[in-house]
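All remarks here apply to the structure that follows.
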Amino acid sequence: MSAAELLALAMLVALTAYVLTAGADFGGGVWDLLAAGPRRDRQRALVAHAIGPIWEANHVWLILVVVVLFTCFPVAYAALSVALHVPLTLALVGIVMRGAAFAFRSTFSGGGAEERGWGRVFSVASTVTPVLLGMCVGAVATGRVPEALRLARGGGSFADAYLRPWLSPFTVAVGLLALALFALLAAAYLCVEAEEDDLREDFRRRALGAWVAAAGLAVVALALARLDRAHVGAALTRSAMALPLHLATAAASLAALWGLVGRRWRFARAAVAAQAVLVLWGWALAQRPYLVPPDMTVQGAAAPPRTLALTLGALAVGAVVLVPSLWYLFAVFKSGAPGRRAGSGSRRAAAPGPPAP
């Protein structure tokens, strides 16, 4: 494997970590928005407790992807940041507003207007942002990014160059699929996180609903990929890897359903995570060897060899620091005293804060 392919693989691994961590955080915001019934305050407290320890640390994976793309594949970075600048900017605003609202909400308690207002900003931003990120992925998969750049340089209209590439039935379906998968991840994680049976049952029902939505949207997105003549459509239906990939994804999905129905919480969490990873890696494998299809390959978009080698060295050194640090962050917060567990305490007790000494 060449240096360029190794760096592309590193970006994919970082995106996988982002989906499994930040994706679940976005999904937690969805359930915060949809909290209902006599236990809605406890549901929101559980979401805040689960997100609190790592609510901003998760974005280190997205930052890593952006930095590697900018440094090692500058042509692809330029193409994506120009053609998709509208949804990417909106997603960035959503990420910032979501984080800020979560922090500001934690300073209030008692269910006052300020707490409710910031909570609404947090939950709405958590719901909209994954859809925008998924639509960006869908736009790349269609292979229309280079065409959008040609239209922009050739005097095409703003709508043709900067809106239509990411506004289509297929890209909307991919965006909604990302939202459903994130909501499913969050609900499965929260079933493990909860200590009270009634809260577990609340999020079990939500997980089953999200499972149905994700399964339906996956079928719709696959069908629209063919109708929309998306670049990845043929690879996802006719290539040699298509059948094994679909079988593996279906097996993970059915395993997740079996775990949720049988209340096997940790098994269901692992199966849901596997399902999300297979969907992400299926997209990446479908457009290989292209970084930005249909004409920008990983090798063709790569920076000079010296830049690639130095970046690989920096990633190796950084991983030695980053991975143990994140593991320690999880370990410190997830081993807290039972009295701090959500569902039995206040929203303020679940607020984010610095790690304990």
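Quick note on naming: the chains in the structure tokens go A, B, ... in the order shown, residues restart at 1 in each chain, and ligands are numbered from 1 in order of appearance.
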Backbone-only DSSP, helix (DSSP H, G or I) members of stretch 212-320 of chain A, as a ChimeraX atom specification:
/A:212-227,231-238,242-261,265-287,305-320
Write out as a ChimeraX atom specification the residues lying within 9 Å of stretch 246-261 of chain A, counting only C-alpha atoms and excluding same-chain residues fewer than 5 positions away.
/A:188,204-205,207-208,211,215,236,241,266-279,282
Go ahead and save the residues from that selection, with C-alpha atoms, as a PDB file, in the first residue's frame.
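Result went into again-v6.pdb, see below:
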ATOM      1  CA  ALA A 188     -28.297   1.592  21.771  1.00  0.00           C
ATOM      2  CA  ARG A 204     -35.067   0.411  23.638  1.00  0.00           C
ATOM      3  CA  ARG A 205     -38.326   1.489  21.974  1.00  0.00           C
ATOM      4  CA  ALA A 207     -33.758   2.189  19.159  1.00  0.00           C
ATOM      5  CA  LEU A 208     -36.278  -0.142  17.524  1.00  0.00           C
ATOM      6  CA  TRP A 211     -33.677   0.608  13.374  1.00  0.00           C
ATOM      7  CA  ALA A 215     -33.340  -0.087   7.339  1.00  0.00           C
ATOM      8  CA  LEU A 236     -23.036  -1.020  -4.639  1.00  0.00           C
ATOM      9  CA  MET A 241     -17.801  -6.804  -3.273  1.00  0.00           C
ATOM     10  CA  ARG A 266     -24.092  -4.770  25.173  1.00  0.00           C
ATOM     11  CA  PHE A 267     -24.487  -7.164  22.269  1.00  0.00           C
ATOM     12  CA  ALA A 268     -26.981  -4.786  20.643  1.00  0.00           C
ATOM     13  CA  ARG A 269     -24.595  -1.869  21.110  1.00  0.00           C
ATOM     14  CA  ALA A 270     -21.748  -3.766  19.423  1.00  0.00           C
ATOM     15  CA  ALA A 271     -23.987  -4.898  16.554  1.00  0.00           C
ATOM     16  CA  VAL A 272     -25.331  -1.392  15.945  1.00  0.00           C
ATOM     17  CA  ALA A 273     -21.771  -0.043  15.894  1.00  0.00           C
ATOM     18  CA  ALA A 274     -20.793  -2.752  13.391  1.00  0.00           C
ATOM     19  CA  GLN A 275     -23.775  -1.836  11.202  1.00  0.00           C
ATOM     20  CA  ALA A 276     -22.764   1.842  11.132  1.00  0.00           C
ATOM     21  CA  VAL A 277     -19.143   0.973  10.347  1.00  0.00           C
ATOM     22  CA  LEU A 278     -20.158  -1.335   7.489  1.00  0.00           C
ATOM     23  CA  VAL A 279     -22.347   1.367   5.942  1.00  0.00           C
ATOM     24  CA  GLY A 282     -19.223   0.286   2.066  1.00  0.00           C
TER      25      GLY A 282
END
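Atom CA of A:Leu15 is positioned 19.6 Å from atom CA of A:Met1.
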Find the spatial neighbours of A:Arg105, counting only C-alpha atoms, within a cut-off of 8 Å - ignore same-chain residues fewer than 4 positions away - and output them as a VMD selection string.
chain A and resid 101 114 to 116 118 to 119
Compile the contact shell of A:Thr127 as a PyMOL selection string: residues with an atom at most 8 Å away, counting only C-alpha atoms, same-chain residues fewer than 4 positions apart removed.
chain A and resi 26-27+29-30+123+131+179
Find the residues around stretch 303-312 of chain A up to 8 Å (only C-alpha atoms counted), leave out those fewer than 3 positions away in its own chain, and share them as a list in words.
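So the residues in contact are Ala3, Ala4, Leu7, Val68, Thr71, Cys72, Phe73, Pro74, Leu315 and Ala316 of chain A.
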Correct to one decimal, the distance atom CA of A:Ala319-atom CA of A:Val137 is 25.9 Å
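Using only C-alpha atoms, the smallest distance between any of A:Pro293, A:Gly216, A:Pro38, A:Pro130 and A:Glu147 comes from A:Pro293.
One finds atom CA of A:Val13 at 21.0 Å from atom CA of A:Leu92.
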Restricting the calculation to only C-alpha atoms: of A:Val292, A:Ser81, A:Ala225, A:Leu322, which residue gets closest to A:Ala14?
A:Leu322
Measuring atom to atom with only C-alpha atoms, identify which of A:Met11, A:Leu326, A:Val220, A:Ala183 is nearest to A:Glu56.
A:Leu326
